[in-house]
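File shown: start.tsv (TSV, C-alpha atoms).
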chain	number	residue	atom	x	y	z
A	1265	MET	CA	14.09	33.92	65.57
A	1266	PRO	CA	17.50	35.55	64.91
A	1267	PHE	CA	17.56	38.54	62.61
A	1268	ASP	CA	20.05	38.41	59.74
A	1269	PRO	CA	21.04	41.91	58.68
A	1270	PRO	CA	20.75	42.51	54.92
A	1271	LEU	CA	23.89	42.35	52.83
A	1272	ASN	CA	25.29	45.61	51.54
A	1273	SER	CA	26.10	46.03	47.83
A	1274	LEU	CA	29.51	44.40	48.32
A	1275	GLY	CA	28.04	41.37	50.05
A	1276	PHE	CA	28.80	42.14	53.71
A	1277	SER	CA	26.33	42.11	56.60
A	1278	LYS	CA	27.18	45.55	57.90
A	1279	PRO	CA	26.67	49.17	56.91
A	1280	PRO	CA	28.84	50.58	54.09
A	1281	ALA	CA	30.49	53.00	56.52
A	1282	GLN	CA	31.84	50.01	58.47
A	1283	THR	CA	33.05	48.25	55.32
A	1284	ARG	CA	36.55	49.16	54.18
A	1285	VAL	CA	37.30	48.61	50.50
A	1286	VAL	CA	40.62	49.20	48.76
A	1287	VAL	CA	40.11	50.31	45.17
A	1288	ALA	CA	42.93	49.63	42.69
A	1289	MET	CA	43.09	52.92	40.79
A	1290	SER	CA	44.98	53.08	37.50
A	1291	GLY	CA	44.00	56.67	36.80
A	1292	GLY	CA	41.56	55.70	34.04
A	1293	VAL	CA	37.83	56.26	33.94
A	1294	ASP	CA	36.86	52.70	34.93
A	1295	SER	CA	38.63	52.42	38.28
A	1296	SER	CA	37.88	56.08	39.00
A	1297	VAL	CA	34.15	55.42	38.62
A	1298	VAL	CA	34.38	52.37	40.90
A	1299	ALA	CA	36.04	54.45	43.62
A	1300	ALA	CA	33.63	57.36	43.22
A	1301	GLU	CA	30.53	55.13	43.25
A	1302	LEU	CA	31.63	53.28	46.39
A	1303	ALA	CA	32.55	56.53	48.14
A	1304	ALA	CA	29.15	57.98	47.24
A	1305	GLU	CA	27.47	54.87	48.71
A	1306	GLY	CA	29.22	55.61	51.99
A	1307	TYR	CA	31.89	52.92	52.01
A	1308	ASP	CA	35.23	53.44	53.75
A	1309	VAL	CA	37.21	53.73	50.50
A	1310	VAL	CA	41.00	53.70	50.27
A	1311	GLY	CA	42.44	54.34	46.80
A	1312	VAL	CA	45.74	52.70	45.88
A	1313	THR	CA	47.70	53.32	42.69
A	1314	LEU	CA	50.71	51.27	41.69
A	1315	GLN	CA	53.67	52.92	40.03
A	1316	LEU	CA	54.82	50.07	37.82
A	1317	TYR	CA	57.32	51.72	35.52
A	1318	ASP	CA	58.73	55.14	34.72
A	1319	HIS	CA	60.20	56.11	31.40
A	1320	GLY	CA	59.94	59.19	29.22
A	1321	ALA	CA	57.85	57.76	26.40
A	1322	ALA	CA	55.20	56.49	28.78
A	1323	LEU	CA	55.02	59.65	30.83
A	1324	ALA	CA	54.34	61.69	27.70
A	1325	LYS	CA	51.60	59.41	26.40
A	1326	LYS	CA	47.92	59.75	27.19
A	1327	GLY	CA	46.09	56.54	27.95
A	1328	ALA	CA	48.96	54.50	29.42
A	1329	CYS	CA	48.14	53.15	32.84
A	1330	CYS	CA	50.17	53.23	36.04
A	1331	ALA	CA	52.58	55.99	35.03
A	1332	GLY	CA	53.07	59.64	36.06
A	1333	ARG	CA	50.09	61.36	34.45
A	1334	ASP	CA	47.66	58.66	35.51
A	1335	ILE	CA	48.89	58.71	39.10
A	1336	HIS	CA	48.05	62.41	39.13
A	1337	ASP	CA	44.57	61.71	37.71
A	1338	ALA	CA	43.89	59.04	40.35
A	1339	ARG	CA	44.97	61.40	43.11
A	1340	ARG	CA	42.61	64.13	41.85
A	1341	VAL	CA	39.66	61.72	41.85
A	1342	ALA	CA	40.42	60.77	45.46
A	1343	GLU	CA	40.67	64.43	46.49
A	1344	SER	CA	37.38	65.32	44.78
A	1345	MET	CA	35.52	62.41	46.45
A	1346	GLY	CA	37.18	62.84	49.84
A	1347	PHE	CA	38.92	59.52	50.45
A	1348	PRO	CA	42.60	58.74	51.10
A	1349	HIS	CA	44.87	57.76	48.22
A	1350	TYR	CA	48.27	56.08	48.29
A	1351	VAL	CA	50.88	55.49	45.59
A	1352	LEU	CA	52.97	52.34	45.99
A	1353	ASP	CA	56.26	51.87	44.18
A	1354	TYR	CA	56.05	48.40	42.62
A	1355	GLU	CA	58.56	49.00	39.84
A	1356	SER	CA	60.99	46.29	40.93
A	1357	LYS	CA	58.17	43.78	41.53
A	1358	PHE	CA	56.70	44.57	38.12
A	1359	ARG	CA	60.00	44.17	36.34
A	1360	ASP	CA	60.81	40.90	38.09
A	1361	SER	CA	57.32	39.42	37.74
A	1362	VAL	CA	56.19	40.72	34.36
A	1363	ILE	CA	58.67	42.62	32.16
A	1364	ASP	CA	61.59	40.17	32.39
A	1365	GLU	CA	59.36	37.21	31.53
A	1366	PHE	CA	57.84	39.18	28.66
A	1367	ALA	CA	61.28	39.74	27.14
A	1368	ASP	CA	62.43	36.17	27.70
A	1369	ALA	CA	59.22	34.76	26.21
A	1370	TYR	CA	59.66	36.80	23.05
A	1371	LEU	CA	63.27	35.66	22.79
A	1372	ALA	CA	62.03	32.06	23.02
A	1373	GLY	CA	59.68	32.58	20.08
A	1374	ALA	CA	56.48	32.93	22.12
A	1375	THR	CA	53.85	35.68	22.03
A	1376	PRO	CA	53.30	36.61	25.70
A	1377	VAL	CA	50.34	38.40	27.29
A	1378	PRO	CA	51.91	40.52	30.08
A	1379	CYS	CA	48.59	42.02	31.20
A	1380	ILE	CA	47.52	38.59	32.49
A	1381	ARG	CA	50.77	38.15	34.41
A	1382	CYS	CA	50.38	41.64	35.88
A	1383	ASN	CA	46.92	40.78	37.21
A	1384	GLU	CA	48.10	37.41	38.46
A	1385	ARG	CA	51.43	38.34	40.03
A	1386	VAL	CA	51.15	41.99	40.97
A	1387	LYS	CA	47.59	43.32	41.27
A	1388	PHE	CA	45.90	40.17	42.59
A	1389	ARG	CA	48.83	38.98	44.66
A	1390	ASP	CA	51.01	41.78	46.00
A	1391	LEU	CA	48.37	44.53	45.94
A	1392	LEU	CA	45.75	42.19	47.37
A	1393	GLU	CA	48.04	41.44	50.31
A	1394	THR	CA	48.54	45.17	50.80
A	1395	ALA	CA	44.77	45.61	50.91
A	1396	ARG	CA	44.55	42.98	53.64
A	1397	ASP	CA	47.31	44.77	55.57
A	1398	LEU	CA	45.24	47.96	55.38
A	1399	GLY	CA	42.38	46.13	57.09
A	1400	ALA	CA	40.13	46.13	54.03
A	1401	ASP	CA	37.17	43.77	53.83
A	1402	CYS	CA	37.67	43.47	50.08
A	1403	MET	CA	39.44	44.94	47.07
A	1404	ALA	CA	37.56	46.40	44.09
A	1405	THR	CA	38.84	46.97	40.56
A	1406	GLY	CA	37.52	48.52	37.36
A	1407	HIS	CA	37.72	45.30	35.34
A	1408	TYR	CA	34.78	44.34	33.18
A	1409	ILE	CA	33.96	40.92	34.55
A	1410	GLN	CA	31.32	39.58	36.95
A	1411	ARG	CA	31.52	37.72	40.24
A	1412	PHE	CA	28.50	35.74	41.35
A	1413	ALA	CA	27.84	33.73	44.50
A	1414	GLY	CA	27.52	30.05	43.55
A	1415	ASP	CA	26.61	26.90	45.45
A	1416	HIS	CA	30.31	26.06	45.82
A	1417	GLY	CA	31.66	29.59	46.37
A	1418	PRO	CA	32.16	32.67	44.22
A	1419	GLU	CA	32.10	32.18	40.45
A	1420	LEU	CA	33.72	34.20	37.69
A	1421	HIS	CA	31.48	35.22	34.76
A	1422	ARG	CA	31.91	37.21	31.60
A	1423	ALA	CA	30.91	40.87	31.66
A	1424	ALA	CA	27.42	41.90	30.58
A	1425	ASP	CA	29.03	43.93	27.77
A	1426	PRO	CA	30.72	41.45	25.38
A	1427	VAL	CA	32.73	44.27	23.82
A	1428	ARG	CA	34.31	45.24	27.14
A	1429	ASP	CA	34.57	41.74	28.64
A	1430	GLN	CA	38.03	41.17	30.19
A	1431	SER	CA	37.62	37.54	31.27
A	1432	TYR	CA	40.45	36.46	28.95
A	1433	PHE	CA	42.87	38.56	31.00
A	1434	LEU	CA	41.58	37.33	34.37
A	1435	PHE	CA	41.42	33.54	33.89
A	1436	SER	CA	44.22	32.96	36.41
A	1437	THR	CA	42.25	34.55	39.27
A	1438	THR	CA	42.07	31.89	41.97
A	1439	ARG	CA	39.10	30.91	44.12
A	1440	GLU	CA	40.81	32.41	47.18
A	1441	GLN	CA	41.31	35.70	45.36
A	1442	LEU	CA	37.70	35.67	44.17
A	1443	GLU	CA	36.55	35.53	47.77
A	1444	TYR	CA	38.21	38.91	48.33
A	1445	LEU	CA	37.73	40.67	44.98
A	1446	ARG	CA	34.81	42.73	43.73
A	1447	PHE	CA	34.12	43.97	40.17
A	1448	PRO	CA	31.42	46.67	40.37
A	1449	LEU	CA	31.39	47.48	36.62
A	1450	GLY	CA	30.81	43.98	35.30
A	1451	HIS	CA	27.03	44.37	35.05
A	1452	LEU	CA	27.10	47.56	32.94
A	1453	ARG	CA	25.87	47.11	29.38
A	1454	THR	CA	28.08	49.69	27.64
A	1455	LYS	CA	31.11	51.88	28.26
A	1456	ALA	CA	28.82	54.86	27.76
A	1457	GLU	CA	27.16	53.96	31.08
A	1458	THR	CA	30.55	54.12	32.80
A	1459	ARG	CA	31.32	57.53	31.34
A	1460	ALA	CA	27.87	58.77	32.32
A	1461	LEU	CA	28.59	57.78	35.92
A	1462	ALA	CA	31.90	59.67	35.73
A	1463	VAL	CA	30.05	62.77	34.55
A	1464	ARG	CA	27.48	62.39	37.34
A	1465	HIS	CA	30.30	62.38	39.91
A	1466	GLY	CA	32.02	65.33	38.21
A	1467	LEU	CA	35.21	63.41	37.45
A	1468	ASP	CA	37.75	65.09	35.19
A	1469	VAL	CA	38.59	61.70	33.66
A	1470	ALA	CA	35.08	61.20	32.23
A	1471	ASP	CA	36.33	61.67	28.64
A	1472	LYS	CA	39.76	60.16	29.11
A	1473	PRO	CA	40.59	57.69	26.31
A	1474	ASP	CA	41.12	54.03	27.08
A	1475	SER	CA	44.61	52.57	27.17
A	1476	GLN	CA	45.30	50.60	23.99
A	1477	ASP	CA	48.91	49.46	24.31
A	1478	ILE	CA	50.80	47.32	26.79
A	1479	CYS	CA	51.64	49.86	29.48
A	1480	PHE	CA	55.42	49.54	29.24
A	1481	VAL	CA	55.32	49.51	25.41
A	1482	PRO	CA	53.57	52.86	24.92
A	1483	ASP	CA	54.24	53.13	21.17
A	1484	GLY	CA	53.50	49.49	20.34
A	1485	ASN	CA	57.12	48.79	19.41
A	1486	TYR	CA	57.74	45.54	21.29
A	1487	ALA	CA	61.02	44.82	19.54
A	1488	ALA	CA	62.58	48.12	20.66
A	1489	VAL	CA	61.71	47.39	24.30
A	1490	ILE	CA	63.13	43.87	24.09
A	1491	GLU	CA	66.33	45.09	22.44
A	1492	LYS	CA	66.75	47.57	25.29
A	1493	LEU	CA	66.14	44.88	27.92
A	1494	ARG	CA	68.15	42.17	26.16
A	1495	PRO	CA	70.96	43.70	24.06
A	1496	GLY	CA	71.73	41.55	21.03
A	1497	ALA	CA	68.21	40.14	20.89
A	1498	ALA	CA	67.69	41.32	17.33
A	1499	ASP	CA	70.41	39.18	15.74
A	1500	PRO	CA	69.73	38.65	12.02
A	1501	GLY	CA	68.93	35.27	10.51
A	1502	GLU	CA	67.20	33.43	7.69
A	1503	ILE	CA	63.62	33.26	6.52
A	1504	VAL	CA	63.02	29.72	5.26
A	1505	ASP	CA	60.09	27.73	3.92
A	1506	MET	CA	58.82	24.56	5.55
A	1507	GLN	CA	61.31	22.49	3.58
A	1508	GLY	CA	64.22	24.59	4.82
A	1509	HIS	CA	64.85	26.54	1.60
A	1510	VAL	CA	66.20	30.02	2.29
A	1511	LEU	CA	63.84	32.72	0.99
A	1512	GLY	CA	65.32	35.79	2.59
A	1513	GLN	CA	66.93	37.40	5.60
A	1514	HIS	CA	65.44	38.98	8.73
A	1515	ASP	CA	66.66	41.46	11.34
A	1516	GLY	CA	65.68	39.43	14.39
A	1517	VAL	CA	63.13	36.77	15.31
A	1518	ILE	CA	61.62	39.17	17.85
A	1519	HIS	CA	60.14	41.20	14.98
A	1520	TYR	CA	57.80	38.35	13.97
A	1521	THR	CA	54.73	36.59	15.33
A	1522	ILE	CA	52.87	33.43	14.35
A	1523	GLY	CA	50.35	34.16	11.61
A	1524	GLN	CA	52.11	37.30	10.37
A	1525	ARG	CA	51.86	37.91	6.62
A	1526	ARG	CA	52.93	41.50	6.03
A	1527	GLY	CA	56.44	42.83	6.38
A	1528	LEU	CA	58.26	39.58	5.54
A	1529	GLY	CA	60.23	41.11	2.68
A	1530	ILE	CA	59.87	38.04	0.46
A	1531	GLY	CA	57.37	39.27	-2.14
A	1532	GLY	CA	57.13	38.11	-5.72
A	1533	LEU	CA	55.90	34.60	-4.86
A	1534	ALA	CA	52.84	33.02	-6.48
A	1535	ASP	CA	51.03	32.40	-3.18
A	1536	PRO	CA	51.10	34.46	0.04
A	1537	LEU	CA	53.20	33.08	2.87
A	1538	TYR	CA	52.67	33.38	6.61
A	1539	VAL	CA	54.90	32.93	9.64
A	1540	VAL	CA	54.08	29.40	10.81
A	1541	LYS	CA	56.92	28.85	13.30
A	1542	LEU	CA	59.75	30.69	15.02
A	1543	ASP	CA	63.05	28.98	15.81
A	1544	PRO	CA	65.00	31.43	17.98
A	1545	ASP	CA	67.85	28.97	18.64
A	1546	ALA	CA	68.60	28.72	14.92
A	1547	ARG	CA	67.55	32.36	14.38
A	1548	ARG	CA	65.10	31.18	11.75
A	1549	VAL	CA	61.65	32.39	10.77
A	1550	ILE	CA	59.72	29.57	9.09
A	1551	VAL	CA	57.01	30.53	6.62
A	1552	GLY	CA	54.35	28.50	4.84
A	1553	PRO	CA	50.89	28.59	3.27
A	1554	LYS	CA	47.86	29.69	5.26
A	1555	ALA	CA	46.73	26.08	5.58
A	1556	ALA	CA	49.85	25.33	7.65
A	1557	LEU	CA	48.57	27.66	10.37
A	1558	ALA	CA	45.55	25.51	11.13
A	1559	THR	CA	45.80	23.91	14.57
A	1560	ARG	CA	43.45	21.35	16.12
A	1561	THR	CA	45.40	20.16	19.19
A	1562	VAL	CA	46.68	22.69	21.73
A	1563	PRO	CA	48.88	21.76	24.73
A	1564	VAL	CA	48.09	23.87	27.80
A	1565	ARG	CA	49.86	24.11	31.18
A	1566	GLU	CA	49.84	26.22	34.38
A	1567	ILE	CA	46.08	25.64	34.48
A	1568	ASN	CA	43.91	27.52	36.95
A	1569	TRP	CA	40.67	25.56	37.31
A	1570	LEU	CA	37.52	27.25	38.62
A	1571	GLY	CA	35.08	24.37	38.20
A	1572	ASP	CA	33.04	22.89	41.04
A	1573	LYS	CA	34.51	19.40	40.62
A	1574	PRO	CA	38.26	18.62	40.62
A	1575	PHE	CA	39.86	19.16	37.22
A	1576	THR	CA	40.92	15.53	36.93
A	1577	ALA	CA	37.51	14.17	38.03
A	1578	GLN	CA	36.66	13.53	34.38
A	1579	ALA	CA	38.68	12.31	31.41
A	1580	GLU	CA	37.07	14.94	29.20
A	1581	TRP	CA	35.29	18.25	29.63
A	1582	GLU	CA	33.14	19.88	26.97
A	1583	MET	CA	34.13	23.53	26.91
A	1584	SER	CA	34.24	26.64	24.83
A	1585	VAL	CA	37.77	28.02	24.64
A	1586	LYS	CA	39.25	31.35	23.68
A	1587	LEU	CA	42.79	31.33	22.24
A	1588	ARG	CA	43.18	35.07	21.71
A	1589	SER	CA	41.54	38.01	23.43
A	1590	THR	CA	40.00	39.20	20.15
A	1591	ARG	CA	38.48	35.86	19.15
A	1592	PRO	CA	35.12	34.47	20.27
A	1593	PRO	CA	35.03	31.25	22.32
A	1594	ALA	CA	34.96	28.10	20.16
A	1595	PRO	CA	33.80	24.54	21.02
A	1596	ALA	CA	36.52	22.20	22.27
A	1597	ILE	CA	37.21	19.05	24.27
A	1598	LEU	CA	39.46	19.54	27.30
A	1599	ARG	CA	41.44	16.44	28.37
A	1600	PRO	CA	43.26	16.75	31.72
A	1601	ILE	CA	46.77	15.30	31.96
A	1602	SER	CA	47.32	16.46	35.54
A	1603	ASP	CA	45.91	19.13	37.85
A	1604	THR	CA	47.79	21.78	35.87
A	1605	GLU	CA	48.23	20.33	32.35
A	1606	ALA	CA	45.80	19.40	29.60
A	1607	GLU	CA	45.37	18.84	25.90
A	1608	VAL	CA	42.71	20.88	24.17
A	1609	GLU	CA	41.11	19.50	21.01
A	1610	LEU	CA	39.45	22.20	18.91
A	1611	LEU	CA	36.36	20.95	17.12
A	1612	THR	CA	37.14	23.46	14.36
A	1613	PRO	CA	40.86	24.10	13.67
A	1614	GLU	CA	42.06	27.65	14.32
A	1615	GLU	CA	44.84	29.60	12.63
A	1616	GLY	CA	47.69	31.43	14.28
A	1617	VAL	CA	47.69	29.60	17.64
A	1618	SER	CA	50.89	30.70	19.34
A	1619	PRO	CA	52.84	29.55	22.41
A	1620	GLY	CA	52.71	32.20	25.10
A	1621	GLN	CA	49.06	33.05	24.55
A	1622	ALA	CA	46.35	32.06	27.00
A	1623	CYS	CA	43.71	29.41	26.44
A	1624	VAL	CA	40.67	30.37	28.51
A	1625	PHE	CA	37.88	27.92	29.33
A	1626	TYR	CA	34.19	28.81	29.38
A	1627	ALA	CA	31.13	26.73	30.22
A	1628	PRO	CA	29.41	25.60	26.99
A	1629	GLU	CA	26.21	27.34	28.13
A	1630	GLY	CA	25.90	30.63	29.96
A	1631	SER	CA	28.61	33.10	30.93
A	1632	ARG	CA	30.73	31.23	33.49
A	1633	VAL	CA	34.53	31.30	33.24
A	1634	MET	CA	35.92	27.88	34.14
A	1635	GLY	CA	39.60	28.85	34.23
A	1636	GLY	CA	42.36	28.49	31.69
A	1637	GLY	CA	46.04	27.97	31.11
A	1638	TRP	CA	49.01	28.89	28.95
A	1639	ILE	CA	49.62	27.54	25.46
A	1640	TRP	CA	53.05	26.00	25.04
A	1641	LYS	CA	54.94	23.98	22.45
A	1642	GLY	CA	54.32	20.65	24.14
A	1643	ARG	CA	56.75	17.85	24.73

Could you quickly redo this structure as structure tokens?
Amino acid sequence: MPFDPPLNSLGFSKPPAQTRVVVAMSGGVDSSVVAAELAAEGYDVVGVTLQLYDHGAALAKKGACCAGRDIHDARRVAESMGFPHYVLDYESKFRDSVIDEFADAYLAGATPVPCIRCNERVKFRDLLETARDLGADCMATGHYIQRFAGDHGPELHRAADPVRDQSYFLFSTTREQLEYLRFPLGHLRTKAETRALAVRHGLDVADKPDSQDICFVPDGNYAAVIEKLRPGAADPGEIVDMQGHVLGQHDGVIHYTIGQRRGLGIGGLADPLYVVKLDPDARRVIVGPKAALATRTVPVREINWLGDKPFTAQAEWEMSVKLRSTRPPAPAILRPISDTEAEVELLTPEEGVSPGQACVFYAPEGSRVMGGGWIWKGR
């Protein structure tokens, strides 16, 4: 009877020392702990950090990933744990794949999520290919999400810690990528457990604060970044109500988002008004009552489907969907139009649904991530 060697902790039938794993290291505590844990288990670890951008404001800010200070932190972790570390210059790839689309989406009146595009187009595409070129058996990251072996291949599941769960930002991970990726932190119940592991390994980053902003917008001022990338983007225009009556003036559509109430500069009205639509072509910001924000039908495209059956195998799928990273999943009916397009009917209308955001699908029961797509204006 043949003997099947036991799987190691990364799912391979060979000793850790014979298993090469590339760890994507941002310089933060999460990816540092992943690298340190795997090195301590005896794996052949190679740390890789991507330099994605380089500007003065970012370099001076603590907690921004993939810039100068964090590259230094990642290198120190590698030195302390005794594994090689490489820095790859992906600035041009990052600008072409992420930053330019971010600026163009804002100019078109959308509210983009560049962190998803970065995972999709840079970390899980270009960096993953680099890991293969380095002869790695897999690539590990510090994301809080879980990967389980299913009857039809690897499955993506929400993290054990709902507060830290990053499934919204990883919906576009493909089945092929899932075969190669590992997420060693997904089972941890709290961030305190991660920091405790960092202390156990003696890592200087154990108390390092988490990154809060989009990495290339270190002060949270999106409009300033877009104006720098697209001169003239902040052309002034009119603030109008839903009937087209002019209520005021604005300094650029890029300063507004769907659902915004504060900072409109049109006070003195009986009832509060919210941004309900952006019309960048006419340079108009359309405002209306809160009720006008309620949305029941959401068009979605560029769908990545992670279900066991083909997406179009059924006319309808019962799902829970998440329309913003900060909102809980809500019941919905998913109706495929094609392999990559669908209409989502929310059983309870939601406010502030904006083109450019992601719509992520979850199984109605349990923790499985079924995929997702991008919200758009529809035809």

Spatial neighbours of Gly1642 of chain A, 8 Å, all atoms listed in the file, chain gap at least 2 places, as a list of chain:residue names: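 Contacts, with the query itself left out: A:Pro1563, A:Val1564, A:Trp1640.
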
Nearest to Gly1616 of chain A by atom-to-atom distance, counting only C-alpha atoms, from A:Ala1558, A:Glu1580, A:Glu1566, A:Val1504: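 Once distances to Gly1616 of chain A are computed over only C-alpha atoms, the minimum belongs to A:Ala1558.
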
Spatial sel., origin (50.5, 30.5, 23.1), limit 7 Å, only C-alpha atoms, listed as a list in words: Ala1374, Thr1375, Val1617, Ser1618, Pro1619, Gly1620, Gln1621, Ala1622, Trp1638, Ile1639 and Trp1640 of chain A

Leu1420 of chain A surroundings by all atoms listed in the file, 8 Å radius, close-in-sequence under 6 positions cut, as a list of chain:residue names: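 Non-adjacent residues within range: A:Ile1409, A:Gln1410, A:Arg1411, A:Phe1412, A:Leu1442, A:Leu1570, A:Arg1632, A:Val1633, A:Met1634.
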
Kindly save the residues from that selection, with C-alpha atoms included, as a PDB file, in the coordinates of the input.
ATOM      1  CA  ILE A1409      33.960  40.920  34.550  1.00  0.00           C
ATOM      2  CA  GLN A1410      31.320  39.580  36.950  1.00  0.00           C
ATOM      3  CA  ARG A1411      31.520  37.720  40.240  1.00  0.00           C
ATOM      4  CA  PHE A1412      28.500  35.740  41.350  1.00  0.00           C
ATOM      5  CA  LEU A1442      37.700  35.670  44.170  1.00  0.00           C
ATOM      6  CA  LEU A1570      37.520  27.250  38.620  1.00  0.00           C
ATOM      7  CA  ARG A1632      30.730  31.230  33.490  1.00  0.00           C
ATOM      8  CA  VAL A1633      34.530  31.300  33.240  1.00  0.00           C
ATOM      9  CA  MET A1634      35.920  27.880  34.140  1.00  0.00           C
TER      10      MET A1634
END

Counting only C-alpha atoms, the option among A:His1509, A:His1514, A:His1451, A:His1465 closest to Ser1344 of chain A: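 Closest to Ser1344 of chain A of all the choices is A:His1465.
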
Proximity to Met1583 of chain A - best of A:Val1549, A:Val1469, A:Leu1316, A:Ile1597, all atoms listed in the file: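 Among A:Val1549, A:Val1469, A:Leu1316, A:Ile1597, it is A:Ile1597 that comes nearest to Met1583 of chain A.
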
Ref. answer, residues at most 12 Å from (45.6, 55.3, 49.8) with all atoms listed in the file, as a ChimeraX atom specification: /A:1284-1289,1299,1308-1314,1335,1338-1339,1341-1343,1346-1352,1391,1394-1395,1398,1400

Using all atoms listed in the file, find each residue in segment 1418-1508 of chain A having at least one atom no more than 12 Å away from segment 1268-1279 of chain A; report its shortest atom-to-atom pair and that distance in Å (one decimal), rows by chain then rising number, as CSV.
residue,atom,partner,partner_atom,distance
A:Pro1418,CA,A:Gly1275,CA,11.3
A:Glu1443,CA,A:Gly1275,CA,10.6
A:Tyr1444,CA,A:Leu1274,CA,10.3
A:Leu1445,CA,A:Leu1274,CA,9.6
A:Arg1446,CA,A:Leu1274,CA,7.2
A:Phe1447,CA,A:Leu1274,CA,9.4
A:Pro1448,CA,A:Leu1274,CA,8.5

Distance query Phe1575 of chain A at most 12 Å, all atoms listed in the file, self and fewer than 2 positions along chain excluded, as an NGL selection string: :A and (1567-1573 or 1577-1581 or 1598-1606 or 1625 or 1634-1636)

Å distance separating atom CA of Ala1281 of chain A from atom CA of Arg1396 of chain A, one decimal place: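 Going from atom CA of Ala1281 of chain A over to atom CA of Arg1396 of chain A, I get 17.5 Å.
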
Coordinates-based distance that separates atom CA of Thr1458 of chain A from atom CA of Ala1303 of chain A (Å, one decimal):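 If I compute the distance from atom CA of Ala1303 of chain A to atom CA of Thr1458 of chain A, I get 15.7 Å.
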
Nearest to Asp1477 of chain A by atom-to-atom distance, counting only C-alpha atoms, from A:Glu1582, A:Pro1593, A:Cys1379, A:Gln1430: A:Cys1379

Non-local contacts of Thr1612 of chain A (8 Å; all atoms listed in the file; under 3 positions in same chain excluded) as an mmCIF file with C-alpha atoms, in the coordinates of the input:
data_model
loop_
_atom_site.group_PDB
_atom_site.id
_atom_site.type_symbol
_atom_site.label_atom_id
_atom_site.label_comp_id
_atom_site.auth_asym_id
_atom_site.auth_seq_id
_atom_site.Cartn_x
_atom_site.Cartn_y
_atom_site.Cartn_z
ATOM 1 C CA ARG A 1560 43.450 21.350 16.120
ATOM 2 C CA ALA A 1594 34.960 28.100 20.160
ATOM 3 C CA PRO A 1595 33.800 24.540 21.020
#

Selected residue, from A:Ala1497, A:Leu1449, A:Val1297, A:Ile1380, that lies nearest to Ser1436 of chain A when counting all atoms listed in the file: A:Ile1380

Of the listed residues A:Glu1615, A:Lys1357, A:Gln1441, A:Ala1462, that which approaches Glu1301 of chain A most closely, counting all atoms listed in the file: A:Ala1462

Distance of atom CA of Val1551 of chain A from atom CA of Ile1503 of chain A, expressed in Å to one decimal place: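 Atom CA of Ile1503 of chain A sits 7.2 Å away from atom CA of Val1551 of chain A.
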
Show which residues sit within 10 Å of Lys1472 of chain A, as a PDB file with C-alpha atoms, in the coordinates of the input. Count only C-alpha atoms, and ignore same-chain residues fewer than 2 positions away.
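File selection-v4.pdb, as written:
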ATOM      1  CA  GLY A1291      44.000  56.670  36.800  1.00  0.00           C
ATOM      2  CA  GLY A1292      41.560  55.700  34.040  1.00  0.00           C
ATOM      3  CA  VAL A1293      37.830  56.260  33.940  1.00  0.00           C
ATOM      4  CA  ASP A1294      36.860  52.700  34.930  1.00  0.00           C
ATOM      5  CA  LYS A1326      47.920  59.750  27.190  1.00  0.00           C
ATOM      6  CA  GLY A1327      46.090  56.540  27.950  1.00  0.00           C
ATOM      7  CA  ASP A1337      44.570  61.710  37.710  1.00  0.00           C
ATOM      8  CA  ARG A1459      31.320  57.530  31.340  1.00  0.00           C
ATOM      9  CA  ASP A1468      37.750  65.090  35.190  1.00  0.00           C
ATOM     10  CA  VAL A1469      38.590  61.700  33.660  1.00  0.00           C
ATOM     11  CA  ALA A1470      35.080  61.200  32.230  1.00  0.00           C
ATOM     12  CA  ASP A1474      41.120  54.030  27.080  1.00  0.00           C
ATOM     13  CA  SER A1475      44.610  52.570  27.170  1.00  0.00           C
TER      14      SER A1475
END

Draw an axis-aligned box over all listed atoms of segment 1376-1395 of chain A, pad each side with 3 Å, and write its centre and edge lengths in Å, one decimal, as lines of an AutoDock Vina configuration file.
center_x = 49.0
center_y = 41.1
center_z = 38.3
size_x = 14.5
size_y = 15.0
size_z = 31.2
